[in-house]
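Participant: Pasting data_5.cif below, which is mmCIF, C-alpha atoms and all ligand atoms.
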```cif
data_model
#
loop_
_atom_site.label_atom_id
_atom_site.label_comp_id
_atom_site.auth_asym_id
_atom_site.auth_seq_id
_atom_site.Cartn_x
_atom_site.Cartn_y
_atom_site.Cartn_z
CA MET X 7 14.79 10.95 -12.29
CA ASP X 8 15.23 9.50 -8.82
CA GLU X 9 16.72 6.30 -10.18
CA ILE X 10 20.17 7.48 -9.15
CA LYS X 11 21.01 5.37 -6.14
CA PRO X 12 21.77 7.61 -3.16
CA VAL X 13 24.95 6.77 -1.25
CA ALA X 14 25.10 6.62 2.56
CA GLY X 15 27.46 9.18 4.07
CA GLN X 16 27.39 11.16 0.84
CA ASP X 17 23.72 11.70 -0.05
CA TYR X 18 22.27 11.05 3.39
CA PRO X 19 23.74 10.77 6.88
CA ARG X 20 24.67 7.32 8.15
CA THR X 21 24.17 7.96 11.84
CA TRP X 22 22.31 10.31 14.15
CA GLY X 23 25.61 11.99 15.01
CA GLU X 24 26.31 12.60 11.35
CA PHE X 25 22.76 13.86 10.97
CA GLN X 26 23.32 16.49 13.65
CA ASP X 27 26.61 17.55 12.04
CA TRP X 28 25.10 17.91 8.58
CA PHE X 29 21.95 19.77 9.56
CA ALA X 30 23.16 22.08 12.32
CA SER X 31 21.96 25.29 10.63
CA ASP X 32 19.06 26.51 8.48
CA GLU X 33 21.59 27.32 5.74
CA ALA X 34 22.92 23.76 5.65
CA CYS X 35 19.36 22.39 5.45
CA ALA X 36 18.50 24.83 2.63
CA ALA X 37 21.57 23.76 0.64
CA TYR X 38 20.60 20.10 1.02
CA LEU X 39 17.01 20.82 -0.01
CA GLU X 40 18.22 22.77 -3.04
CA GLN X 41 20.32 19.81 -4.14
CA LEU X 42 17.36 17.42 -3.88
CA ARG X 43 14.91 19.82 -5.49
CA TRP X 44 17.12 20.60 -8.48
CA PRO X 45 19.46 17.58 -8.85
CA ASN X 46 20.47 18.80 -12.30
CA GLY X 47 20.97 22.38 -11.18
CA PHE X 48 18.58 25.27 -10.49
CA CYS X 49 15.68 25.70 -12.89
CA CYS X 50 13.69 28.94 -12.52
CA PRO X 51 10.07 28.19 -11.46
CA ALA X 52 8.90 31.35 -13.25
CA CYS X 53 10.57 31.20 -16.68
CA GLY X 54 12.01 27.69 -16.80
CA VAL X 55 15.55 28.69 -17.69
CA ALA X 56 18.09 26.26 -16.23
CA ASP X 57 21.12 28.23 -15.09
CA ALA X 58 23.09 28.68 -11.88
CA PRO X 59 21.13 31.26 -9.84
CA GLY X 60 22.38 34.43 -8.24
CA ARG X 61 22.24 34.64 -4.45
CA ALA X 62 20.41 37.34 -2.53
CA THR X 63 19.97 37.92 1.19
CA ARG X 64 18.22 35.36 3.41
CA GLY X 65 19.21 32.58 1.04
CA ARG X 66 16.95 33.75 -1.77
CA LEU X 67 17.78 32.64 -5.30
CA ILE X 68 17.65 35.01 -8.28
CA CYS X 69 17.08 33.78 -11.82
CA ARG X 70 19.71 35.36 -14.05
CA ALA X 71 17.35 35.30 -17.04
CA CYS X 72 14.16 36.93 -15.66
CA ARG X 73 15.35 38.27 -12.26
CA HIS X 74 12.61 36.26 -10.51
CA GLN X 75 13.42 35.75 -6.85
CA CYS X 76 12.45 32.65 -4.95
CA SER X 77 13.41 30.68 -1.89
CA VAL X 78 14.29 27.02 -1.96
CA THR X 79 11.21 26.27 0.16
CA ALA X 80 8.72 28.09 -2.11
CA GLY X 81 6.50 25.56 -3.83
CA THR X 82 7.45 22.73 -1.44
CA ILE X 83 5.64 21.45 1.64
CA PHE X 84 7.86 23.81 3.68
CA ASP X 85 6.41 26.83 1.86
CA LYS X 86 5.44 29.76 4.13
CA THR X 87 5.79 27.90 7.39
CA ARG X 88 7.23 29.76 10.34
CA THR X 89 9.03 26.68 11.59
CA PRO X 90 12.78 26.94 10.84
CA LEU X 91 14.14 24.48 8.30
CA ARG X 92 16.46 23.02 10.93
CA VAL X 93 13.42 22.01 13.01
CA TRP X 94 11.73 20.56 9.92
CA PHE X 95 14.81 18.44 9.23
CA ALA X 96 15.05 17.28 12.83
CA ALA X 97 11.39 16.25 12.59
CA ALA X 98 11.98 14.40 9.30
CA GLY X 99 15.00 12.67 10.85
CA TYR X 100 13.03 11.63 13.90
CA VAL X 101 9.94 10.53 11.96
CA THR X 102 11.97 8.30 9.64
CA ASN X 103 14.30 7.01 12.35
CA GLN X 104 11.40 5.67 14.40
CA LYS X 105 10.34 2.41 12.86
CA GLN X 106 6.68 2.90 13.84
CA GLY X 107 6.63 6.65 13.35
CA VAL X 108 5.43 9.07 15.99
CA SER X 109 2.21 10.73 17.11
CA ALA X 110 1.80 14.51 17.03
CA LEU X 111 2.02 14.60 20.82
CA GLY X 112 5.22 12.55 20.71
CA LEU X 113 6.79 14.85 18.11
CA GLN X 114 5.77 17.93 20.06
CA ARG X 115 7.59 16.58 23.13
CA VAL X 116 10.71 15.43 21.30
CA LEU X 117 11.22 18.72 19.47
CA GLY X 118 9.96 20.91 22.30
CA LEU X 119 7.39 22.58 20.05
CA ASN X 120 5.08 25.16 21.57
CA SER X 121 1.85 23.79 20.23
CA TYR X 122 0.27 20.48 19.45
CA GLN X 123 -1.17 22.00 16.24
CA THR X 124 2.31 22.75 14.91
CA ALA X 125 3.42 19.14 15.44
CA TRP X 126 0.16 17.84 14.00
CA ALA X 127 0.47 19.99 10.86
CA MET X 128 4.15 19.06 10.40
CA LEU X 129 3.31 15.37 10.42
CA HIS X 130 0.46 15.93 7.99
CA ARG X 131 2.72 17.87 5.62
CA PHE X 132 5.19 14.99 5.68
CA ARG X 133 2.43 12.44 5.07
CA ARG X 134 1.40 14.38 1.99
CA ALA X 135 4.92 13.89 0.65
CA MET X 136 5.16 10.20 1.41
CA VAL X 137 3.44 8.89 -1.69
CA ARG X 138 4.48 9.94 -5.17
CA PRO X 139 1.51 10.52 -7.47
CA ASP X 140 3.36 8.91 -10.40
CA ARG X 141 4.21 5.66 -8.63
CA ASP X 142 4.10 2.32 -10.44
CA LEU X 143 1.12 -0.02 -10.45
CA LEU X 144 1.33 -3.25 -8.49
CA SER X 145 2.06 -6.27 -10.68
CA GLY X 146 2.48 -10.04 -10.61
CA THR X 147 0.16 -11.78 -8.17
CA VAL X 148 -1.74 -9.25 -6.06
CA GLU X 149 -4.09 -10.04 -3.19
CA VAL X 150 -7.03 -7.66 -2.77
CA ASP X 151 -9.46 -7.45 0.11
CA GLU X 152 -11.28 -4.91 2.23
CA THR X 153 -10.94 -4.44 5.96
CA PHE X 154 -12.45 -2.19 8.62
CA VAL X 155 -10.47 -0.07 11.04
CA ALA X 156 -11.92 1.49 14.18
CA LEU X 157 -10.98 5.14 14.63
CA ARG X 158 -12.00 7.84 17.02
CA ARG X 159 -11.65 11.56 16.74
CA ARG X 160 -9.23 13.20 19.14
CA THR X 161 -11.66 15.27 21.15
CA GLY X 162 -9.41 16.72 23.81
CA VAL X 163 -11.90 15.74 26.51
CA LYS X 164 -10.62 14.26 29.71
CA ARG X 165 -10.50 10.49 30.12
CA LYS X 166 -13.30 10.49 32.65
CA ALA X 167 -15.71 12.20 30.29
CA ALA X 168 -14.66 9.99 27.41
CA ARG X 169 -15.78 6.97 29.39
CA SER X 170 -19.36 8.18 29.36
CA SER X 171 -21.87 6.69 26.97
CA LYS X 172 -21.30 9.48 24.43
CA ALA X 173 -17.71 8.34 23.82
CA HIS X 174 -19.07 5.35 21.99
CA ASP X 175 -20.62 7.61 19.34
CA ARG X 176 -17.28 9.14 18.43
CA SER X 177 -15.87 5.85 17.27
CA HIS X 178 -16.01 5.25 13.52
CA LEU X 179 -15.52 2.14 11.46
CA VAL X 180 -13.75 3.02 8.24
CA ALA X 181 -13.58 0.66 5.25
CA VAL X 182 -10.11 0.33 3.73
CA ALA X 183 -9.20 -1.45 0.49
CA VAL X 184 -5.90 -3.35 0.70
CA ALA X 185 -3.71 -4.68 -2.13
CA VAL X 186 -0.51 -6.67 -1.52
CA GLU X 187 1.98 -8.02 -4.06
CA MET X 188 2.74 -11.67 -3.35
CA LEU X 189 6.30 -12.72 -4.16
CA GLN X 190 7.49 -16.15 -5.27
CA PRO X 191 8.21 -18.45 -3.55
CA LYS X 192 7.20 -16.40 -0.49
CA GLY X 193 7.15 -12.94 1.00
CA PHE X 194 5.34 -9.69 0.33
CA GLY X 195 6.18 -6.97 -2.18
CA ARG X 196 4.61 -3.51 -2.17
CA VAL X 197 1.22 -2.52 -0.76
CA ARG X 198 -1.47 0.01 -1.63
CA LEU X 199 -4.20 1.13 0.76
CA ARG X 200 -7.14 3.45 0.26
CA ARG X 201 -10.20 4.44 2.20
CA ILE X 202 -13.37 3.32 0.43
CA LEU X 203 -16.93 4.31 1.22
CA GLY X 204 -17.84 0.66 1.64
CA PRO X 205 -17.16 -2.80 0.28
CA THR X 206 -19.04 -2.31 -2.97
CA ILE X 207 -18.28 -3.38 -6.54
CA ASP X 208 -17.78 0.21 -7.69
CA ALA X 209 -15.43 1.18 -4.88
CA LEU X 210 -13.26 -1.92 -5.14
CA MET X 211 -13.11 -1.93 -8.94
CA ALA X 212 -12.03 1.74 -8.89
CA PHE X 213 -9.35 0.87 -6.34
CA VAL X 214 -8.09 -2.06 -8.41
CA ARG X 215 -7.99 -0.01 -11.63
CA GLU X 216 -6.10 2.80 -9.93
CA HIS X 217 -3.43 0.68 -8.26
CA ILE X 218 -3.00 -2.61 -10.10
CA ALA X 219 -1.53 -3.28 -13.54
CA PRO X 220 -4.01 -4.85 -16.01
CA SER X 221 -1.55 -7.72 -16.56
CA ALA X 222 -1.65 -8.73 -12.88
CA THR X 223 -3.29 -11.79 -11.39
CA VAL X 224 -5.74 -10.53 -8.77
CA ARG X 225 -6.38 -12.94 -5.93
CA THR X 226 -9.50 -12.31 -3.84
CA ASP X 227 -11.91 -14.22 -1.65
CA GLY X 228 -15.03 -15.75 -3.18
CA SER X 229 -17.21 -12.66 -2.78
CA PRO X 230 -19.36 -11.79 -5.83
CA ILE X 231 -18.10 -8.21 -5.43
CA TYR X 232 -15.02 -9.27 -7.37
CA ALA X 233 -16.83 -10.99 -10.23
CA PRO X 234 -16.35 -8.01 -12.64
CA LEU X 235 -12.54 -8.37 -12.45
CA GLN X 236 -12.49 -10.98 -15.20
CA ASP X 237 -14.60 -8.78 -17.49
CA ALA X 238 -12.31 -5.84 -16.76
CA GLY X 239 -9.44 -7.84 -18.25
CA PHE X 240 -7.69 -8.94 -15.04
CA ASP X 241 -6.66 -12.51 -14.46
CA HIS X 242 -8.95 -13.19 -11.51
CA ASP X 243 -8.06 -15.89 -9.00
CA PRO X 244 -10.86 -16.21 -6.43
CA HIS X 245 -9.85 -18.24 -3.37
CA VAL X 246 -12.60 -19.97 -1.49
CA MET X 247 -12.25 -22.06 1.64
CA LEU X 248 -14.29 -24.92 0.27
CA GLY X 249 -13.07 -26.75 -2.78
CA SER X 250 -9.72 -25.01 -3.12
CA LYS X 251 -6.88 -27.31 -4.12
CA ALA X 252 -4.61 -26.55 -1.19
CA PRO X 253 -6.52 -26.29 2.07
CA ALA X 254 -5.28 -23.10 3.69
CA HIS X 255 -6.45 -21.80 7.01
CA GLN X 256 -6.06 -18.27 5.67
CA PRO X 257 -6.96 -17.88 1.98
CA LEU X 258 -5.41 -14.39 1.70
CA PRO X 259 -2.37 -14.33 4.00
CA GLY X 260 -0.94 -11.11 2.52
CA VAL X 261 -3.88 -8.78 3.09
CA HIS X 262 -4.59 -10.49 6.39
CA ARG X 263 -1.06 -9.70 7.61
CA VAL X 264 -1.01 -6.14 6.27
CA ALA X 265 -4.45 -5.35 7.72
CA ALA X 266 -3.28 -6.65 11.12
CA LEU X 267 -0.12 -4.51 10.96
CA LEU X 268 -2.15 -1.46 9.95
CA LYS X 269 -4.55 -1.85 12.86
CA ARG X 270 -1.68 -2.39 15.28
CA TRP X 271 0.09 0.75 13.95
CA LEU X 272 -3.04 2.92 14.20
CA LEU X 273 -3.68 1.72 17.73
CA GLY X 274 -0.06 1.68 18.87
CA THR X 275 1.48 4.84 17.45
CA HIS X 276 -1.71 6.88 17.14
CA HIS X 277 -3.88 5.28 19.86
CA GLY X 278 -6.65 4.94 17.26
CA ALA X 279 -7.14 8.72 17.46
CA VAL X 280 -7.24 9.48 13.76
CA ASP X 281 -9.82 11.78 12.24
CA PRO X 282 -11.61 9.58 9.68
CA ARG X 283 -11.49 12.44 7.16
CA HIS X 284 -7.69 12.32 7.20
CA VAL X 285 -7.30 8.58 7.17
CA ASP X 286 -5.97 8.38 3.59
CA TYR X 287 -2.88 10.33 4.65
CA TYR X 288 -2.23 7.92 7.50
CA LEU X 289 -2.59 5.09 5.00
CA ASP X 290 0.04 6.86 2.88
CA GLU X 291 2.42 6.94 5.84
CA PHE X 292 1.82 3.28 6.59
CA THR X 293 2.45 2.47 2.90
CA PHE X 294 5.66 4.55 2.88
CA ARG X 295 6.98 2.65 5.89
CA PHE X 296 5.82 -0.78 4.78
CA ASN X 297 7.21 -0.47 1.25
CA ARG X 298 10.59 0.55 2.66
CA ARG X 299 10.66 -1.91 5.55
CA THR X 300 13.69 -3.72 4.11
CA SER X 301 15.73 -0.52 3.62
CA ARG X 302 19.09 -1.12 5.23
CA SER X 303 19.38 2.45 6.40
CA ARG X 304 16.83 4.72 8.03
CA GLY X 305 18.79 7.56 6.44
CA MET X 306 17.51 6.36 3.08
CA LEU X 307 13.93 6.98 4.25
CA PHE X 308 14.93 10.47 5.35
CA TYR X 309 16.45 11.12 1.92
CA ARG X 310 13.27 9.99 0.12
CA LEU X 311 11.05 12.00 2.45
CA ILE X 312 12.96 15.26 1.91
CA GLN X 313 13.21 14.56 -1.83
CA GLN X 314 9.46 14.06 -2.13
CA ALA X 315 8.77 16.99 0.23
CA ALA X 316 10.60 19.21 -2.27
CA LEU X 317 8.31 18.04 -5.08
CA ALA X 318 4.91 17.53 -3.42
CA GLY X 319 3.59 21.09 -3.73
CA PRO X 320 2.69 23.50 -0.93
CA VAL X 321 -0.20 22.99 1.45
CA THR X 322 -1.61 25.33 4.09
CA TYR X 323 -2.86 24.56 7.57
CA THR X 324 -6.41 25.20 6.34
CA ASP X 325 -5.91 22.81 3.40
CA ILE X 326 -4.84 20.13 5.86
CA ARG X 327 -7.67 20.80 8.31
CA ASP X 328 -10.28 20.78 5.54
CA ASN X 329 -8.74 17.76 3.83
CA LEU X 330 -7.97 19.58 0.57
CA PRO X 331 -5.21 18.39 -1.77
CA ASN X 332 -1.79 20.03 -2.04
CA GLN X 333 -1.59 23.02 -4.35
CA ARG X 334 0.28 22.49 -7.57
CA PRO X 335 3.93 23.45 -7.27
CA PRO X 336 4.89 26.41 -9.47
CA GLN X 337 6.69 24.90 -12.39
CA ALA X 338 7.56 26.27 -15.74
CA LEU X 339 8.73 23.57 -18.13
CA PRO X 340 12.51 23.55 -18.33
CA ARG X 341 13.76 25.38 -21.37
CA LEU X 342 16.75 23.39 -22.50
CA VAL X 343 17.29 25.36 -25.67
CA GLU X 344 21.01 24.95 -25.61
CA LEU X 345 20.71 21.17 -25.44
CA ASN X 346 18.15 20.72 -28.18
CA GLY X 347 19.46 23.35 -30.55
ZN ZN F 1 13.51 32.99 -14.57
#
```
As structure tokens, what does this structure read like?
Ligand SMILES: [Zn+2]
Facilitator:
Amino acid sequence: MDEIKPVAGQDYPRTWGEFQDWFASDEACAAYLEQLRWPNGFCCPACGVADAPGRATRGRLICRACRHQCSVTAGTIFDKTRTPLRVWFAAAGYVTNQKQGVSALGLQRVLGLNSYQTAWAMLHRFRRAMVRPDRDLLSGTVEVDETFVALRRRTGVKRKAARSSKAHDRSHLVAVAVAVEMLQPKGFGRVRLRRILGPTIDALMAFVREHIAPSATVRTDGSPIYAPLQDAGFDHDPHVMLGSKAPAHQPLPGVHRVAALLKRWLLGTHHGAVDPRHVDYYLDEFTFRFNRRTSRSRGMLFYRLIQQAALAGPVTYTDIRDNLPNQRPPQALPRLVELNG
């Protein structure tokens, strides 16, 4: 579906100036979103008939078959938000243009938003669109390890108070499973990261099964935690410091590097102030950025983000706060009677 290669200057803006020209009005943003949401033409979310829609006031679309009315944002992460689409697009442009991303406070300042909560919820909505649920499994040689990241809740208390002994209690160590594709002869491929309750056999085996193809070679350290990999059908390649053929000072350079980048990103962009309950969504953002680090154009990241935002399903502020998943987007199966008949 998204295998069509987007073209710079045609499918996404090449420069910031072009960006501002393209997305100067809510109407222009809605037209762009419509194109990405229905690349093969409008398909009614209620009845599934694929036909050019009628147009009503305020940009609403009307299905010619069942008269169902919808907006282009209904069923997307932009559903029922009061923020204008133009502001959403500016945020998406800024978030993807910044190599390391931006904190909620930073976004609030850049866009001149009234509240921190609005910026915070916008970033969380985007994070929920950064990882496609149907993405491919990692393959080839994949390094797997666990790491711990130190996080603290953003409490809103003044610095002085935070320095008291109680501040220490608000810091959490969170276990994160890391998988990195190792390319030949060198370099890293894609990554997957997930919060785990702890470095246990069950948690890590579940992580491996969910993210790594059964045909892959899984390289780990010598911990007995990974012993069941062989039984599970994976080609297991445990690397131990002693007795390995090639003496390496770092047996798992891929996960070591990615874990270091993750910690630097959490501390740098987010000052370590990440609610541990929401950490999986931050890991999704890190993954989105890392897996597209070689993209020649930042505009390409913007294109993917808006494309996935149109498909990710709506989510409310309460869903985000309470760490609930996105709602399912309304989707009737397309009825392509005229094509099949
Ligand atoms: Zn319809």
Participant: Need the neighbours of (2.9, 5.5, 6.2): which residues are at most 10 Å away, counting all atoms listed in the file, as a list in words?
Facilitator: Gln106, Gly107, Phe132, Arg133, Arg134, Met136, Val137, Leu199, Leu268, Trp271, Asp286, Tyr287, Tyr288, Leu289, Asp290, Glu291, Phe292, Thr293, Phe294, Arg295, Phe296, Asn297 and Arg298 of chain X
Participant: Write the selection just made, keeping C-alpha atoms, as a PDB file, keeping the file's coordinate frame?
Facilitator:
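So the final result, stored in out-v1.pdb, reads:
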```
ATOM      1  CA  GLN X 106       6.680   2.900  13.840  1.00  0.00           C
ATOM      2  CA  GLY X 107       6.630   6.650  13.350  1.00  0.00           C
ATOM      3  CA  PHE X 132       5.190  14.990   5.680  1.00  0.00           C
ATOM      4  CA  ARG X 133       2.430  12.440   5.070  1.00  0.00           C
ATOM      5  CA  ARG X 134       1.400  14.380   1.990  1.00  0.00           C
ATOM      6  CA  MET X 136       5.160  10.200   1.410  1.00  0.00           C
ATOM      7  CA  VAL X 137       3.440   8.890  -1.690  1.00  0.00           C
ATOM      8  CA  LEU X 199      -4.200   1.130   0.760  1.00  0.00           C
ATOM      9  CA  LEU X 268      -2.150  -1.460   9.950  1.00  0.00           C
ATOM     10  CA  TRP X 271       0.090   0.750  13.950  1.00  0.00           C
ATOM     11  CA  ASP X 286      -5.970   8.380   3.590  1.00  0.00           C
ATOM     12  CA  TYR X 287      -2.880  10.330   4.650  1.00  0.00           C
ATOM     13  CA  TYR X 288      -2.230   7.920   7.500  1.00  0.00           C
ATOM     14  CA  LEU X 289      -2.590   5.090   5.000  1.00  0.00           C
ATOM     15  CA  ASP X 290       0.040   6.860   2.880  1.00  0.00           C
ATOM     16  CA  GLU X 291       2.420   6.940   5.840  1.00  0.00           C
ATOM     17  CA  PHE X 292       1.820   3.280   6.590  1.00  0.00           C
ATOM     18  CA  THR X 293       2.450   2.470   2.900  1.00  0.00           C
ATOM     19  CA  PHE X 294       5.660   4.550   2.880  1.00  0.00           C
ATOM     20  CA  ARG X 295       6.980   2.650   5.890  1.00  0.00           C
ATOM     21  CA  PHE X 296       5.820  -0.780   4.780  1.00  0.00           C
ATOM     22  CA  ASN X 297       7.210  -0.470   1.250  1.00  0.00           C
ATOM     23  CA  ARG X 298      10.590   0.550   2.660  1.00  0.00           C
TER      24      ARG X 298
END
```
Participant: Would you list the residues that come within 8 Å of ligand ZN 1 (chain F)? Count all atoms listed in the file and give the answer as a list of chain:residue names.
Facilitator: X:Cys49, X:Cys50, X:Pro51, X:Ala52, X:Cys53, X:Gly54, X:Val55, X:Ile68, X:Cys69, X:Arg70, X:Ala71, X:Cys72, X:Arg73, X:His74
Participant: Select, from X:Trp44, X:Glu152, X:Pro244, X:Leu179, the residue with the minimum atom-to-atom distance to X:Val214, counting all atoms listed in the file.
Facilitator: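 Going through X:Trp44, X:Glu152, X:Pro244, X:Leu179 one by one, the smallest distance to X:Val214 is for X:Glu152.
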Participant: Could you check which residues have any atom within 10 Å of (9.2, 17.2, -4.6), counting all atoms listed in the file with coordinates taken straight from the file, and then list them as an MDAnalysis selection string?
Facilitator: chainID X and resid 39 42:44 81:83 135 138 310:320 335
Participant: Can you list, as a list in words, every protein, DNA or RNA residue that comes within 9 Å of stretch 113-116 of chain X when you count only C-alpha atoms, leaving out same-chain residues fewer than 3 positions away?
Facilitator: Ala97, Tyr100, Val101, Val108, Ser109, Ala110, Leu119, Asn120, Ser121, Tyr122, Gln123, Thr124, Ala125, Trp126 and Leu129 of chain X
Participant: Write out, as a JSON list (two decimals), keeping the file's coordinate frame, the residues just selected, with C-alpha atoms.
Facilitator:
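Final output, saved to again15.json:
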```
[["chain", "number", "residue", "atom", "x", "y", "z"],
["X", 97, "ALA", "CA", 11.39, 16.25, 12.59],
["X", 100, "TYR", "CA", 13.03, 11.63, 13.90],
["X", 101, "VAL", "CA", 9.94, 10.53, 11.96],
["X", 108, "VAL", "CA", 5.43, 9.07, 15.99],
["X", 109, "SER", "CA", 2.21, 10.73, 17.11],
["X", 110, "ALA", "CA", 1.80, 14.51, 17.03],
["X", 119, "LEU", "CA", 7.39, 22.58, 20.05],
["X", 120, "ASN", "CA", 5.08, 25.16, 21.57],
["X", 121, "SER", "CA", 1.85, 23.79, 20.23],
["X", 122, "TYR", "CA", 0.27, 20.48, 19.45],
["X", 123, "GLN", "CA", -1.17, 22.00, 16.24],
["X", 124, "THR", "CA", 2.31, 22.75, 14.91],
["X", 125, "ALA", "CA", 3.42, 19.14, 15.44],
["X", 126, "TRP", "CA", 0.16, 17.84, 14.00],
["X", 129, "LEU", "CA", 3.31, 15.37, 10.42]]
```
Participant: Mind pulling up the distance from atom CA of X:Ala127 to atom CA of X:Tyr323?
Facilitator: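 Interatomic distance here is 6.5 Å.
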Participant: Counting all atoms listed in the file, which residue out of X:Asp17, X:Asp241, X:Asp85, X:Asp140 sits closest to X:Tyr309?
Facilitator: X:Asp17
Participant: Could you please determine the separation between atom CA of X:Glu33 and atom CA of X:His130 in Å, to one decimal place?
Facilitator: 24.1 Å
